[in-house]
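Read through the structure below, which is laid out as structure tokens, and then see the notes.
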Amino acid sequence: MTESERYKELIHLIEHHDWRYYVLADPEIGDEEYDALNREMLEIEKLHPDWITPLSPSMRVGGRPSDEFVTVTHVQPMMSLANTYSIQEVEGFEKRVKQLLDEEIFTFTCEPKIDGVAVSIQYKNGIFSKGATRGDGLQGDDITENLRTIRGLPLRIISGAGKSKDFEIRGEVYLAHEDFSQISRDREDSGMAPFANPRNAAAGSLKLLNPKEVGKRRLRIWVYELIAADEWAGTKHSARLNILEEMRFPVVKTWKVVGNAEQIEEYWKELDSLRESIPYDIDGIVIKINEIKLRETLGTTAKTPRWAIAYKFRARKAITRLISITHQVGRTGAVTPVGELEPVLLAGSTIRRATLHNEEEIKRLGLAPGMDVIIEKAGDVIPKVTGRSENVPAGKYNYPEFCPVCKEPLVKPEEEVIWRCVNISCQAMLKGRLIHFASRQAMDIEGLGQQTVELLADHDLLSDPGDIYSLNYVKIAHLPGFGDLSARKLLQGIEASKQRPLNHLIFGLGIRLVGAGVARTLSKRYGHLDEIADAIVKPELLESIGEIGPKIVGSLVDFFSRPKNLVVIEKLRNAGVNFGIKERSEETNQEPLAGKRVVITGSLTDMTREEASSALRELGARVVSSVSSRTDFVVAGELPGSKVEKAKHLGIKIIEENEFVELLKDQDKR
Ligand code: IVH
């Protein structure tokens, strides 16, 4: 097989496995095998960039960040649906339709109403071409690049009637509960306000201007309308849903054709009972006339069609007393306020507690203990307090300043909404932190998993990670579940962990915002834990390296300036844990531009500034913003301005973009 044939085959394979995984939820291969296919494809694309077309799976996140979305006019307006809340209203709908259609025979389709964001997508010649939000119904935002990141959406049609055809689909972009929780955790970890629900999170994600960021959000889609010629798409909506499925679009399995309001009610009840077990939010059902031709006969009102309605599920709301507000401290120290409620029955379960998110949310809702509040349960499982009961005046609540568990002061970095406990020995965080410290990517301590950590902490043998190294045979051999052999093994595992590389130790300390990647950068740059602790007095030193933004610097400064954390570090040092090598690590010295200070100015044509900066950082350089006598050289793009003048004045070397590109190429060859 030639390389180009293999490339085409790889694209086919990836398309196939995307479909199995994202559409059918029935993968045929594991993650590793899938990653290997992608890697092989990317390797070929690196060698033959001219082979890449918009249909390559790599181009799903290939779009460049934009400044704003372009407005597009919909080919057909995107209407909304009239809502109904009772079977009587549904019967009214049935009656109206019957009257308008006279003697015509018709049926209904029933589908779940997905609680997400409506989008429309054009396919030209069977190829994904343009996608837009609903906007005001007539015009929306062009979000083509963002929609490409949804892997369940085929970039081209390879089976079914729509091959090589022009058509439009409509569907709902949504987030599955598990992905929503992940996004919420990530946001809370970095101090951002969480999204109120999966729909807001999906809408917010579609509005991001950088498709790479959108790609990380794991958006999904259910497709529910096919707008196309009757000749191939058929004359019934139900036939079109089948065709969409053959064309490999994600179509819900639970749609149904029914004949009357009674059967609609049955469908509605059945779906409502499934609601809790569906892994994404639905808020009702959509009832549509099945015969496409009759849709035209029925026509529309100003905003909604006469051929479809939504029949919503009953709101899952209840009113109860907010007895008190307590505060939970998570592994990372994030403090979450929790409403302790007078127990109340809601959608089949008794609710005693509900999240209050953060201080801002409590203020916004004017909540205070003792008042009657509204609680709501959306499709997701966690109940929320969404407001005060009618006529209850806003109250005032003084948010605690100290950790409810260890009583140390809480901190809240500027611009963030979450208060945190940053005391490494706080008991609330202790177990989580210890498990993290001992985990594979950190100190990789064999024999020290969750159960053992809990056992040791419950026996007061560990009050911070430093204590792990003062465990001995006498202390542990008698513990329940421990024997001679397991005690020895654990001690061996602990001993072996003292030799882990510095980046593992940094990661293991569990400093907020310092993940494995940042830990690697820090270890490479500073070589020794003490050097990092020293660098934090000069934050500008830290900020000048890749991946380290002001938030991370703030978190490092905070960590290394707390006496309790320093005690832990001393315990680790005394135990002989590897802190690295005092002088710059060898690796750093081998970097060709190690320690050089570089300024980039003017606009570059071949790469973005960010790309240029990160290329320089990889070679060990420090990219700084202003020219001084300590600058080693300046990279000048087009229209460079005053920095170049200053560099000339100071006699600093100036290189132009083409020279710079050559320099990068030379380094690549090394
Ligand atoms: S059909 C004119 N089908 O509900 C009718 N809409 O309140 C076009 N939605 O804007 C929409 N699930 O965002 C249709 N199975 C479904 C749906 C659905 C959710 C949303 C859609 C629409 C809104 C109307």
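Residues are named by chain letter and number: chains run A, B, ... in the order of the structure tokens, numbers start at 1 in each chain, and ligands are numbered from 1 in the order shown.
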Protein and nucleic residues near ligand 1, 7 Å, only C-alpha atoms and all ligand atoms, as number ranges by chain: A: 78-82, 111-118, 172, 224-225, 286, 304-305, 308, 310
Output file for the selection above: C-alpha atoms, as a compact mmCIF listing (two decimals), in the first residue's frame:
# COMPACT_ATOMS: atom_id res chain seq x y z
CA MET A 78 -35.48 28.53 12.83
CA MET A 79 -38.73 28.69 14.74
CA SER A 80 -39.35 27.86 18.35
CA LEU A 81 -42.13 25.66 19.69
CA ALA A 82 -45.31 26.48 21.57
CA GLU A 111 -39.43 12.67 20.40
CA PRO A 112 -37.62 13.68 23.56
CA LYS A 113 -37.13 17.44 23.88
CA ILE A 114 -33.41 17.80 24.43
CA ASP A 115 -32.46 20.66 26.74
CA GLY A 116 -29.53 22.10 24.83
CA VAL A 117 -28.80 24.62 22.09
CA ALA A 118 -30.47 24.52 18.67
CA GLU A 172 -29.59 20.13 19.60
CA TYR A 224 -33.91 15.80 14.86
CA GLU A 225 -34.78 17.41 11.52
CA VAL A 286 -41.80 17.28 21.05
CA THR A 304 -44.09 28.89 16.04
CA PRO A 305 -45.23 26.24 13.57
CA ALA A 308 -45.53 20.86 16.25
CA ALA A 310 -43.62 20.81 23.04
Write out as number ranges by chain each polymer residue whose atoms come within 7 Å of Gly595 in chain A, counting only C-alpha atoms; drop sequence neighbours fewer than 2 positions from it. A: 593, 597, 620-622
Just to be explicit: take each residue in the selection above, keep C-alpha atoms, and write the result as a PDB file, in the first residue's frame.
ATOM      1  CA  LEU A 593      19.022  29.170  24.085  1.00  0.00           C
ATOM      2  CA  ARG A 597      16.303  36.867  27.081  1.00  0.00           C
ATOM      3  CA  GLY A 620      15.231  27.401  26.877  1.00  0.00           C
ATOM      4  CA  ALA A 621      14.873  31.125  26.160  1.00  0.00           C
ATOM      5  CA  ARG A 622      12.950  33.573  28.286  1.00  0.00           C
TER       6      ARG A 622
END
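Considering only C-alpha atoms, the residue among A:Leu13, A:Gly580, A:Phe313, A:Ala368 positioned nearest to Ala36 in chain A is A:Leu13.
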In Å, with one decimal, what is the gap from CA of Arg314 in chain A to CA of Thr84 in chain A?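 Distance reported for this atom pair: 10.3 Å.
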Point-to-point distance from CA of Val75 in chain A to CA of Ile121 in chain A, Å rounded to tenths: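 Computing it gives 10.5 Å between the two atoms.
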If DSSP is run on the backbone, what residues of range 326-436 of chain A are strand (DSSP E or B)? A reply as a VMD selection string would be ideal. chain A and resid 326 to 329 334 to 346 349 to 355 372 to 376 384 to 388 402 409 to 411 420 to 421
Write out as number ranges by chain the set of residues from range 12-199 of chain A that DSSP, computed on the backbone, places in helix (DSSP H, G or I). A: 12-23, 31-47, 49-51, 57-61, 87-101, 144-148, 177-189, 198-199
